[in-house]
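See below for protein-v9.txt, which holds compact mmCIF, C-alpha atoms and all ligand atoms.
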```txt
# COMPACT_ATOMS: atom_id res chain seq x y z
CA MET A 70 1.74 -32.05 7.05
CA HIS A 71 2.50 -28.37 7.15
CA ARG A 72 -0.45 -27.18 5.09
CA GLY A 73 -2.12 -25.18 7.89
CA VAL A 74 1.07 -23.39 8.83
CA ASP A 75 1.85 -22.78 5.18
CA ALA A 76 -1.49 -21.12 4.42
CA MET A 77 -1.18 -18.93 7.51
CA ASP A 78 2.38 -17.81 6.95
CA ARG A 79 2.07 -17.28 3.22
CA SER A 80 -0.71 -14.75 3.78
CA LYS A 81 1.67 -12.85 6.06
CA ILE A 82 4.26 -12.82 3.27
CA ALA A 83 1.92 -10.67 1.18
CA GLU A 84 2.12 -8.00 3.90
CA VAL A 85 5.90 -7.71 4.16
CA LYS A 86 7.55 -4.41 3.31
CA ARG A 87 11.30 -4.82 2.88
CA VAL A 88 12.44 -7.67 0.69
CA VAL A 89 15.85 -8.99 -0.35
CA VAL A 90 15.93 -10.93 -3.63
CA LYS A 91 19.02 -13.00 -4.34
CA VAL A 92 19.66 -14.19 -7.87
CA GLY A 93 22.21 -16.93 -8.42
CA THR A 94 24.60 -17.16 -11.33
CA SER A 95 22.42 -19.82 -12.97
CA THR A 96 19.44 -17.44 -13.00
CA ILE A 97 21.02 -14.51 -14.84
CA THR A 98 23.73 -16.06 -17.03
CA TYR A 99 23.84 -18.91 -19.53
CA PRO A 100 26.12 -21.88 -18.80
CA ASN A 101 28.76 -20.35 -21.13
CA GLY A 102 28.90 -17.28 -18.88
CA LYS A 103 27.09 -14.99 -21.33
CA ILE A 104 24.44 -12.68 -19.89
CA ASN A 105 20.79 -13.72 -20.05
CA TYR A 106 19.34 -10.32 -20.99
CA GLU A 107 15.77 -11.50 -21.05
CA LYS A 108 16.03 -12.61 -17.45
CA ILE A 109 17.67 -9.42 -16.22
CA GLU A 110 15.16 -7.31 -18.11
CA LYS A 111 12.29 -9.14 -16.47
CA LEU A 112 13.96 -8.97 -13.06
CA ALA A 113 14.36 -5.20 -13.42
CA ARG A 114 10.73 -4.77 -14.52
CA ILE A 115 9.20 -6.91 -11.77
CA MET A 116 11.39 -5.55 -8.99
CA THR A 117 10.65 -1.98 -10.05
CA ASP A 118 6.96 -2.81 -10.17
CA LEU A 119 7.05 -4.24 -6.64
CA GLN A 120 8.96 -1.15 -5.50
CA ASN A 121 6.25 1.02 -7.10
CA GLN A 122 3.63 -0.93 -5.14
CA GLY A 123 5.30 0.32 -1.96
CA LYS A 124 7.71 -2.53 -1.23
CA GLU A 125 11.35 -1.74 -0.47
CA MET A 126 13.37 -4.03 -2.69
CA ILE A 127 17.05 -4.97 -2.36
CA LEU A 128 18.85 -7.14 -4.90
CA VAL A 129 21.77 -9.44 -4.10
CA SER A 130 23.19 -10.48 -7.44
CA SER A 131 25.75 -13.18 -8.19
CA GLY A 132 27.11 -13.59 -11.67
CA ALA A 133 30.17 -11.30 -11.70
CA GLY A 134 32.62 -14.21 -11.97
CA ALA A 135 30.62 -15.92 -14.72
CA ALA A 136 30.12 -12.66 -16.65
CA GLY A 137 33.89 -12.11 -16.49
CA VAL A 138 34.51 -15.64 -17.78
CA GLY A 139 32.12 -14.93 -20.67
CA ARG A 140 33.63 -11.52 -21.46
CA MET A 141 37.19 -12.87 -21.47
CA GLY A 142 36.11 -15.78 -23.69
CA LEU A 143 37.44 -18.36 -21.21
CA GLU A 144 36.29 -21.97 -21.29
CA ALA A 145 35.79 -22.11 -17.51
CA LYS A 146 36.34 -20.18 -14.29
CA PRO A 147 40.13 -19.82 -13.72
CA ALA A 148 41.52 -22.12 -11.02
CA SER A 149 43.71 -19.47 -9.36
CA ILE A 150 42.35 -16.95 -6.86
CA PRO A 151 43.73 -13.90 -8.73
CA GLY A 152 42.20 -15.34 -11.91
CA LYS A 153 38.79 -15.68 -10.24
CA GLN A 154 39.11 -12.18 -8.79
CA ALA A 155 40.07 -10.70 -12.15
CA CYS A 156 37.02 -12.36 -13.72
CA ALA A 157 34.76 -10.98 -11.00
CA ALA A 158 36.26 -7.49 -11.50
CA VAL A 159 35.59 -7.61 -15.24
CA GLY A 160 32.13 -9.11 -14.73
CA GLN A 161 30.93 -6.85 -11.90
CA GLY A 162 31.27 -3.77 -14.12
CA ILE A 163 29.36 -5.51 -16.89
CA LEU A 164 26.59 -6.56 -14.52
CA MET A 165 26.16 -3.09 -13.01
CA HIS A 166 26.19 -1.48 -16.45
CA ILE A 167 23.33 -3.77 -17.50
CA TYR A 168 21.38 -3.32 -14.25
CA GLU A 169 21.77 0.46 -14.38
CA ARG A 170 20.48 0.52 -17.96
CA LEU A 171 17.60 -1.92 -17.54
CA PHE A 172 16.30 -0.64 -14.18
CA GLY A 173 16.81 2.85 -15.65
CA GLU A 174 14.37 1.97 -18.46
CA TYR A 175 11.65 1.85 -15.80
CA GLY A 176 12.87 4.98 -14.05
CA GLN A 177 14.29 3.02 -11.12
CA VAL A 178 17.55 4.22 -9.56
CA VAL A 179 19.98 1.51 -8.42
CA ALA A 180 23.19 1.61 -6.39
CA GLN A 181 26.16 -0.74 -6.32
CA VAL A 182 27.11 -2.03 -2.87
CA LEU A 183 30.10 -4.38 -2.53
CA LEU A 184 30.58 -5.98 0.88
CA THR A 185 33.08 -8.31 2.53
CA LYS A 186 32.95 -10.41 5.67
CA SER A 187 35.03 -7.87 7.58
CA ASP A 188 32.37 -5.24 6.84
CA MET A 189 29.89 -7.47 8.62
CA VAL A 190 31.94 -8.12 11.75
CA ASN A 191 33.64 -4.76 12.20
CA ARG A 192 31.35 -2.47 14.18
CA HIS A 193 32.34 0.67 12.32
CA SER A 194 31.94 -0.79 8.84
CA TYR A 195 28.72 -2.49 9.90
CA ALA A 196 27.30 0.80 11.12
CA ASN A 197 28.46 2.62 7.99
CA ALA A 198 27.02 0.01 5.64
CA ARG A 199 23.79 -0.05 7.61
CA ASN A 200 23.39 3.71 7.66
CA ALA A 201 24.21 4.03 3.97
CA LEU A 202 21.75 1.25 3.04
CA GLN A 203 18.98 2.81 5.13
CA GLU A 204 19.60 6.12 3.39
CA MET A 205 19.47 4.58 -0.10
CA ILE A 206 16.26 2.76 0.80
CA SER A 207 14.69 5.93 2.15
CA TRP A 208 15.52 7.59 -1.19
CA GLY A 209 13.64 4.83 -3.02
CA VAL A 210 16.87 3.45 -4.51
CA ILE A 211 17.26 -0.31 -5.04
CA PRO A 212 20.69 -1.36 -3.71
CA ILE A 213 22.35 -4.07 -5.81
CA ILE A 214 24.73 -6.02 -3.63
CA ASN A 215 27.53 -8.48 -4.30
CA GLU A 216 30.57 -9.63 -2.40
CA ASN A 217 33.66 -7.51 -3.04
CA ASP A 218 35.40 -10.47 -4.63
CA VAL A 219 38.61 -8.62 -5.49
CA VAL A 220 39.58 -7.88 -1.90
CA ALA A 221 38.01 -10.90 -0.23
CA ILE A 222 39.82 -14.22 -0.19
CA ASP A 223 39.50 -17.25 2.07
CA GLU A 224 38.89 -16.12 5.63
CA PHE A 225 37.85 -12.63 4.52
CA LYS A 226 35.21 -14.02 2.22
CA ILE A 227 31.60 -14.70 3.01
CA GLY A 228 32.05 -17.08 0.12
CA ASP A 229 28.56 -17.37 -1.24
CA ASN A 230 25.76 -14.98 -1.91
CA ASP A 231 23.13 -17.13 -0.18
CA ASN A 232 24.73 -16.33 3.18
CA LEU A 233 25.49 -12.77 2.05
CA SER A 234 21.80 -12.23 1.31
CA ALA A 235 20.77 -13.35 4.81
CA LEU A 236 23.41 -11.05 6.33
CA VAL A 237 22.17 -8.20 4.15
CA ALA A 238 18.56 -8.94 5.15
CA SER A 239 19.59 -8.62 8.79
CA LEU A 240 21.79 -5.55 8.11
CA ALA A 241 18.94 -3.81 6.31
CA ASP A 242 16.16 -4.98 8.69
CA ALA A 243 14.38 -6.78 5.85
CA ASP A 244 11.29 -8.89 6.50
CA LEU A 245 11.85 -11.47 3.77
CA ASP A 246 14.79 -12.95 1.88
CA ILE A 247 13.99 -14.67 -1.44
CA LEU A 248 16.69 -16.95 -2.85
CA LEU A 249 16.02 -17.56 -6.54
CA SER A 250 17.74 -20.66 -7.83
CA ASP A 251 17.62 -23.18 -10.68
CA ILE A 252 15.45 -25.47 -8.59
CA ASP A 253 11.88 -25.19 -7.21
CA GLY A 254 12.99 -25.19 -3.59
CA LEU A 255 14.34 -27.62 -1.01
CA TYR A 256 13.73 -31.25 -1.91
CA THR A 257 13.82 -34.28 0.36
CA ALA A 258 17.09 -35.15 -1.47
CA ASN A 259 19.12 -33.67 -4.34
CA PRO A 260 16.76 -34.18 -7.31
CA LYS A 261 19.73 -34.31 -9.71
CA THR A 262 20.76 -37.60 -8.12
CA HIS A 263 17.43 -38.67 -6.56
CA PRO A 264 14.62 -38.26 -9.13
CA GLU A 265 12.05 -39.49 -6.61
CA ALA A 266 12.78 -36.55 -4.25
CA ARG A 267 9.79 -34.37 -3.24
CA LEU A 268 9.57 -30.61 -2.79
CA VAL A 269 9.30 -29.43 0.83
CA SER A 270 6.79 -26.59 1.16
CA VAL A 271 7.52 -25.28 4.67
CA VAL A 272 10.42 -25.68 7.06
CA GLU A 273 10.00 -24.56 10.64
CA GLU A 274 13.42 -25.71 11.82
CA VAL A 275 16.54 -26.64 9.89
CA THR A 276 17.43 -29.93 11.55
CA PRO A 277 20.62 -31.96 10.99
CA GLU A 278 18.41 -34.44 9.05
CA ILE A 279 17.37 -31.67 6.65
CA GLU A 280 20.97 -30.53 6.29
CA ALA A 281 21.97 -34.08 5.41
CA THR A 282 19.69 -33.93 2.35
CA ALA A 283 21.53 -30.95 0.86
CA GLY A 284 24.24 -31.34 -1.73
CA GLY A 285 26.62 -28.93 -3.43
CA ALA A 286 26.19 -26.58 -6.39
CA GLY A 287 24.06 -27.81 -9.27
CA SER A 288 25.68 -26.05 -12.23
CA LYS A 289 29.27 -25.40 -13.25
CA ASN A 290 29.26 -21.63 -12.68
CA ALA A 291 27.42 -21.74 -9.34
CA THR A 292 29.22 -21.88 -6.00
CA GLY A 293 26.63 -22.32 -3.27
CA GLY A 294 24.40 -25.35 -3.64
CA MET A 295 21.61 -26.20 -1.22
CA LEU A 296 23.88 -26.35 1.82
CA THR A 297 24.66 -22.63 1.75
CA LYS A 298 20.96 -21.89 1.21
CA LEU A 299 20.15 -23.84 4.37
CA GLN A 300 22.85 -21.97 6.32
CA ALA A 301 21.34 -18.72 5.08
CA ALA A 302 17.86 -19.94 6.08
CA LYS A 303 19.04 -20.79 9.59
CA ASN A 304 20.57 -17.34 10.04
CA ALA A 305 17.55 -15.56 8.63
CA MET A 306 15.09 -17.56 10.77
CA SER A 307 16.93 -16.80 14.00
CA ALA A 308 17.07 -13.14 13.03
CA GLY A 309 13.27 -13.16 12.68
CA ILE A 310 13.39 -12.96 8.87
CA ALA A 311 11.36 -15.25 6.60
CA LEU A 312 13.28 -16.91 3.76
CA ILE A 313 11.91 -18.51 0.60
CA ILE A 314 13.85 -20.63 -1.87
CA ALA A 315 12.15 -20.62 -5.26
CA ASN A 316 12.86 -21.24 -8.92
CA GLY A 317 14.11 -18.18 -10.83
CA GLU A 318 13.46 -19.80 -14.22
CA ASP A 319 10.26 -17.76 -14.59
CA LEU A 320 10.66 -14.53 -12.64
CA GLU A 321 6.87 -14.07 -12.47
CA ILE A 322 7.37 -16.24 -9.40
CA LEU A 323 8.38 -13.08 -7.54
CA ARG A 324 4.86 -11.70 -7.95
CA LYS A 325 3.38 -15.03 -6.88
CA ILE A 326 5.53 -15.02 -3.74
CA MET A 327 4.53 -11.45 -2.95
CA ARG A 328 0.86 -12.38 -3.37
CA GLY A 329 1.35 -15.06 -0.73
CA GLU A 330 0.97 -18.00 -3.13
CA PRO A 331 2.47 -21.26 -1.84
CA VAL A 332 5.43 -21.61 -4.20
CA GLY A 333 8.97 -22.75 -3.33
CA THR A 334 10.06 -23.57 0.20
CA LEU A 335 9.20 -21.18 3.04
CA PHE A 336 11.49 -21.11 6.08
CA VAL A 337 9.37 -19.71 8.90
CA PRO A 338 11.05 -17.02 11.05
CA ARG A 339 11.15 -17.30 14.82
CA GLU A 340 8.86 -14.43 15.63
CA SER A 341 9.75 -14.12 19.27
CA HIS A 342 13.37 -13.46 18.45
CA LEU A 343 14.77 -9.99 18.44
CA ARG A 344 16.46 -9.12 15.20
CA PHE A 345 19.99 -10.55 15.17
CA ARG A 346 21.41 -7.06 15.15
CA ASN A 347 19.20 -5.85 17.98
CA GLN A 348 20.06 -8.89 20.01
CA TRP A 349 23.71 -8.11 19.55
CA LEU A 350 23.17 -4.46 20.42
CA ALA A 351 21.15 -5.19 23.53
CA PHE A 352 22.92 -8.18 25.00
CA GLY A 353 26.06 -9.08 23.09
CA SER A 354 28.06 -5.92 22.67
CA ARG A 355 30.28 -4.22 25.24
CA ILE A 356 28.74 -1.06 26.70
CA SER A 357 31.38 1.61 26.27
CA GLY A 358 29.68 4.59 27.88
CA LYS A 359 26.53 6.34 29.00
CA VAL A 360 24.33 9.00 27.47
CA ILE A 361 21.91 10.76 29.79
CA VAL A 362 18.79 12.22 28.24
CA ASP A 363 16.32 14.85 29.41
CA GLU A 364 12.81 14.05 30.63
CA GLY A 365 11.15 14.87 27.30
CA LEU A 366 13.31 12.44 25.39
CA ALA A 367 13.02 9.79 28.12
CA LYS A 368 9.24 10.09 27.90
CA ALA A 369 9.30 9.79 24.11
CA LEU A 370 11.49 6.69 24.34
CA ARG A 371 9.14 5.08 26.87
CA GLN A 372 5.93 6.02 25.08
CA LYS A 373 6.86 5.49 21.45
CA GLY A 374 9.05 2.48 22.16
CA GLY A 375 11.89 4.14 20.28
CA CYS A 376 12.96 7.30 18.52
CA SER A 377 16.21 8.83 17.36
CA ILE A 378 18.35 10.54 20.00
CA LEU A 379 19.25 14.04 18.90
CA PRO A 380 22.01 15.96 20.70
CA VAL A 381 19.45 18.53 21.88
CA GLY A 382 17.90 15.97 24.24
CA ILE A 383 21.21 14.85 25.77
CA THR A 384 22.18 16.32 29.14
CA GLY A 385 25.25 14.25 30.00
CA VAL A 386 27.89 11.94 28.51
CA GLU A 387 29.98 9.50 30.56
CA GLY A 388 32.83 7.18 29.64
CA SER A 389 35.20 7.04 26.72
CA PHE A 390 33.79 5.72 23.44
CA GLU A 391 34.22 5.97 19.70
CA SER A 392 31.57 6.38 17.00
CA GLY A 393 30.11 2.94 16.28
CA ASP A 394 30.41 1.83 19.93
CA THR A 395 27.41 0.70 21.93
CA VAL A 396 26.29 3.06 24.69
CA SER A 397 23.65 2.88 27.35
CA VAL A 398 20.90 5.52 27.36
CA LEU A 399 19.79 6.62 30.84
CA ASP A 400 17.13 8.93 32.22
CA GLN A 401 17.83 11.65 34.80
CA GLU A 402 17.42 9.14 37.65
CA GLY A 403 19.99 6.78 36.12
CA HIS A 404 17.48 4.17 34.89
CA GLU A 405 18.64 2.43 31.72
CA LEU A 406 16.10 3.07 28.96
CA ALA A 407 17.84 1.81 25.85
CA ARG A 408 21.08 0.77 24.23
CA GLY A 409 22.28 1.98 20.92
CA MET A 410 25.14 2.58 18.54
CA THR A 411 26.45 6.11 18.73
CA ASN A 412 27.31 8.18 15.66
CA TYR A 413 29.68 10.44 17.60
CA ASN A 414 32.58 9.76 19.99
CA ALA A 415 32.33 10.72 23.69
CA GLU A 416 34.37 13.90 23.36
CA ASP A 417 32.34 15.29 20.46
CA LEU A 418 29.04 14.18 21.92
CA ASP A 419 29.90 16.01 25.13
CA LEU A 420 30.55 19.17 23.11
CA ILE A 421 27.28 18.96 21.16
CA LYS A 422 25.00 17.82 24.00
CA GLY A 423 22.04 20.16 24.35
CA CYS A 424 22.76 21.67 20.91
CA ARG A 425 20.34 22.02 18.04
CA THR A 426 21.18 20.16 14.82
CA SER A 427 22.15 23.43 13.13
CA GLN A 428 24.81 24.07 15.80
CA ILE A 429 26.64 20.73 15.52
CA GLU A 430 29.09 21.72 12.80
CA GLU A 431 30.05 25.01 14.42
CA LYS A 432 30.78 23.17 17.71
CA ILE A 433 32.92 20.29 16.42
CA GLY A 434 33.81 21.25 12.86
CA TYR A 435 31.79 18.53 11.11
CA LYS A 436 28.34 16.96 11.03
CA HIS A 437 28.06 13.48 9.56
CA TYR A 438 24.68 12.80 11.14
CA ASP A 439 21.84 14.81 12.70
CA GLU A 440 21.22 12.02 15.21
CA ALA A 441 23.55 11.08 18.05
CA ILE A 442 21.91 7.64 17.88
CA HIS A 443 19.62 6.79 14.99
CA ARG A 444 16.41 4.97 15.96
CA ASP A 445 17.35 2.09 13.62
CA ASN A 446 20.46 1.53 15.75
CA LEU A 447 18.63 1.72 19.08
CA VAL A 448 16.97 -0.97 21.17
CA VAL A 449 14.57 0.14 23.89
CA LEU A 450 14.90 -2.17 26.86
N1 LIG B 1 18.04 -31.27 -1.13
C1 LIG B 1 18.19 -30.52 -2.23
N2 LIG B 1 17.12 -29.89 -2.76
C2 LIG B 1 17.22 -29.11 -3.86
N3 LIG B 1 18.38 -28.91 -4.53
C3 LIG B 1 19.50 -29.52 -4.08
C4 LIG B 1 19.46 -30.35 -2.90
N4 LIG B 1 20.72 -30.79 -2.70
C5 LIG B 1 21.50 -30.27 -3.67
N5 LIG B 1 20.80 -29.50 -4.51
C6 LIG B 1 21.37 -28.78 -5.66
O1 LIG B 1 21.46 -27.37 -5.39
C7 LIG B 1 21.34 -26.69 -6.64
C8 LIG B 1 21.02 -25.20 -6.43
O2 LIG B 1 22.14 -24.48 -5.95
P1 LIG B 1 23.22 -23.75 -6.90
O3 LIG B 1 23.68 -24.71 -7.94
O4 LIG B 1 24.27 -23.16 -6.03
O5 LIG B 1 22.41 -22.65 -7.66
P2 LIG B 1 22.38 -21.06 -7.55
O6 LIG B 1 23.19 -20.54 -8.68
O7 LIG B 1 20.94 -20.76 -7.70
O8 LIG B 1 22.91 -20.62 -6.21
C9 LIG B 1 20.25 -27.48 -7.35
O9 LIG B 1 20.30 -27.34 -8.75
C10 LIG B 1 20.51 -28.92 -6.92
O10 LIG B 1 21.28 -29.61 -7.87
N1 LIG B 2 30.34 -13.09 -5.85
C1 LIG B 2 30.23 -14.18 -6.80
C2 LIG B 2 29.00 -15.02 -6.52
C3 LIG B 2 29.22 -16.17 -5.59
C4 LIG B 2 27.94 -17.02 -5.46
O1 LIG B 2 27.45 -17.25 -4.36
O2 LIG B 2 27.38 -17.51 -6.63
P1 LIG B 2 25.95 -18.30 -6.72
O3 LIG B 2 26.12 -19.66 -6.06
O4 LIG B 2 25.67 -18.39 -8.16
O5 LIG B 2 24.93 -17.48 -6.00
C5 LIG B 2 30.04 -13.63 -8.22
O6 LIG B 2 29.40 -12.59 -8.40
O7 LIG B 2 30.51 -14.29 -9.14
```
As structure tokens, what does this structure read like?
Ligand SMILES: Nc1ncnc2c1ncn2[C@@H]1O[C@H](COP(=O)(O)OP(=O)(O)O)[C@@H](O)[C@H]1O
Ligand SMILES: N[C@@H](CCC(=O)OP(=O)(O)O)C(=O)O
Amino acid sequence: MHRGVDAMDRSKIAEVKRVVVKVGTSTITYPNGKINYEKIEKLARIMTDLQNQGKEMILVSSGAGAAGVGRMGLEAKPASIPGKQACAAVGQGILMHIYERLFGEYGQVVAQVLLTKSDMVNRHSYANARNALQEMISWGVIPIINENDVVAIDEFKIGDNDNLSALVASLADADLDILLSDIDGLYTANPKTHPEARLVSVVEEVTPEIEATAGGAGSKNATGGMLTKLQAAKNAMSAGIALIIANGEDLEILRKIMRGEPVGTLFVPRESHLRFRNQWLAFGSRISGKVIVDEGLAKALRQKGGCSILPVGITGVEGSFESGDTVSVLDQEGHELARGMTNYNAEDLDLIKGCRTSQIEEKIGYKHYDEAIHRDNLVVL
């Protein structure tokens, strides 16, 4: 019933630029927790190849816990939280060592990024993580992301990498999130218990009926199951990000997806929606102060629909705010042009207003950023 929509949206998938790929435990380890080198080798080769084609790839990798179980020779994941954390700590190092080596074979630089839920909700950490990710991506580095399992328990945990990947996709302004699993996509029921279940090709809305078809994790080392994939899909869709669930058994599927072939299940993004982050910046966050810009900068903001705000274009600063707070950007007449997340607090911004980039450090003793507000953290109203 969705064939027309599918054909249309899949062709758009071939055009996307920034892509998050999430690999589940079942994709990169064997059931005994040992590493599946062939899979990781292929993942490294294909992701590097896509990066070389001009895509900007980000990897969210599970498997630390299982790799730790394998390395410690345990029969199963420990039941205790410290036991699970210790396994993840042992396994994360192993995983990164392998990724570094195998991506390195193809000349691709990777970076380890470990995140927790608090990094996603705290403005400062969010801004830091976002800025650092943007920088890595602009350097052509592939960030490899996992939850920081050792410090995150219960309420501090995102809990599963399906949801983490959707959060990362939003954090990094990605266009597409690909969840690779041990199953071809979303079925009309859990195929493990309902052999007659059929694969769903396109989902335009995750309804309660669809959620009711999803069961828990399918293999003993996995944690998420279809339910967390659907939660991730809902978040991605409302952030304007497409999400595809596909089978990671043969990683050539990544190329097929990127060619726009109709594999797996596509969750269609709501195009009219502002990115989740932008929405939050523009309408959800408290405005802590004002930054007044000169006519040249105001004109650039109006004409280009967005640009970074450098101190040299700022003529006034009002209010009391910290770096990471949301501020309103006004023209000389007091019209609000944009809202954005500032890299400097009010006091320092007041000291560097009107200054060239080269003068920032001499004025305030440090320079973490050239921009007062980076264009990626700015929404033009
Ligand atoms: N409606 C459904 N469609 C597809 N898979 C389902 C569904 N409900 C439950 N599942 C289960 O979800 C599993 C995939 O999730 P999971 O085991 O967490 O793997 P991963 O390690 O890839 O995250 C499938 O193997 C399947 O058993
Ligand atoms: N952070 C955990 C992964 C948790 C997780 O979501 O696992 P999975 O369901 O296999 O994607 C680890 O690396 O073991």
Write as a ChimeraX atom specification the residues around ligand LIG 2 (chain B), taking 8 Å as the cut-off and counting only C-alpha atoms and all ligand atoms.
-> /A:91-96,130-136,157,160-161,215-218,228-231,286,290-294
How many Å separate atom CA of A:Ile429 from atom CA of A:Lys359?
-> 19.7 Å
Of the candidates A:Ala308, A:Ala235, A:Ala221, A:Ile109, which shows the shortest atom-to-atom distance to A:Leu164, using all atoms listed in the file?
->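 Looking at the shortest contact to A:Leu164, the residue is A:Ile109.
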Suppose you want the space between atom CA of A:Asn316 and atom CA of A:Lys81; what is it in Å?
->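 Separation between atom CA of A:Asn316 and atom CA of A:Lys81: 20.5 Å.
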Within 10 Å of ligand LIG 1 (chain B), counting only C-alpha atoms and all ligand atoms: which residues, as a PyMOL selection string?
-> chain A and resi 91-98+131-132+229-231+248-263+266-269+279-299+314-318+334
Near-A:Arg114 list (9 Å; only C-alpha atoms; drop same-chain fewer than 6 positions) as number ranges by chain = A: 171-172, 174-175
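From atom CA of A:Asp118 back to atom CA of A:Val271, the distance works out to 26.9 Å.
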Contact table stretch 168-221 of chain A vs stretch 387-392 of chain A, cut-off 12 Å, shortest pair per residue, all atoms listed in the file, as a tab-separated table:
```
residue	atom	partner	partner_atom	distance
A:Arg192	CA	A:Ser392	CA	9.3
A:His193	CA	A:Ser392	CA	7.4
A:Ser194	CA	A:Ser392	CA	10.9
A:Tyr195	CA	A:Ser392	CA	11.7
A:Ala196	CA	A:Ser392	CA	9.2
A:Asn197	CA	A:Ser392	CA	10.2
```
Which is closer to A:Ile361 than all the others in A:Val332, A:Asn414, A:Asp419, A:Ser270, using all atoms listed in the file?
->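 Smallest distance to A:Ile361 is found for A:Asp419.
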Using all atoms listed in the file, which of the listed residues (A:Ala155, A:Ala243, A:Ile356, A:Ile421) sits closest to A:Met141?
-> A:Ala155
Leaving out A:Met410 and any residue of its chain fewer than 2 positions from it, which residues lie within 8 Å of it when counting all atoms listed in the file, given as a compact mmCIF listing (two decimals) with C-alpha atoms, in the coordinates of the input?
```txt
# COMPACT_ATOMS: atom_id res chain seq x y z
CA ALA A 196 27.30 0.80 11.12
CA LEU A 350 23.17 -4.46 20.42
CA SER A 392 31.57 6.38 17.00
CA GLY A 393 30.11 2.94 16.28
CA ASP A 394 30.41 1.83 19.93
CA THR A 395 27.41 0.70 21.93
CA VAL A 396 26.29 3.06 24.69
CA ARG A 408 21.08 0.77 24.23
CA ASN A 412 27.31 8.18 15.66
CA ILE A 442 21.91 7.64 17.88
CA HIS A 443 19.62 6.79 14.99
CA ASN A 446 20.46 1.53 15.75
CA LEU A 447 18.63 1.72 19.08
```
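Counting all atoms listed in the file, the residue from A:Gln177, A:Gln203, A:Asn232, A:Gln120 that sits nearest to A:Met189 is A:Asn232.
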Long-range neighbours of A:Lys303 as JSON, numbers by chain, 8 Å cut-off, only C-alpha atoms, 4 positions minimum in chain = {"A": [274, 275, 299, 307]}
Could you give me, as an mmCIF file with C-alpha atoms, in the frame of the given file, the residues within 7 Å of A:Pro338, counting only C-alpha atoms and dropping anything in the same chain fewer than 2 positions from it?
```
data_model
loop_
_atom_site.group_PDB
_atom_site.id
_atom_site.type_symbol
_atom_site.label_atom_id
_atom_site.label_comp_id
_atom_site.auth_asym_id
_atom_site.auth_seq_id
_atom_site.Cartn_x
_atom_site.Cartn_y
_atom_site.Cartn_z
ATOM 1 C CA MET A 306 15.090 -17.560 10.770
ATOM 2 C CA SER A 307 16.930 -16.800 14.000
ATOM 3 C CA GLY A 309 13.270 -13.160 12.680
ATOM 4 C CA ILE A 310 13.390 -12.960 8.870
ATOM 5 C CA ALA A 311 11.360 -15.250 6.600
ATOM 6 C CA PHE A 336 11.490 -21.110 6.080
ATOM 7 C CA GLU A 340 8.860 -14.430 15.630
#
```
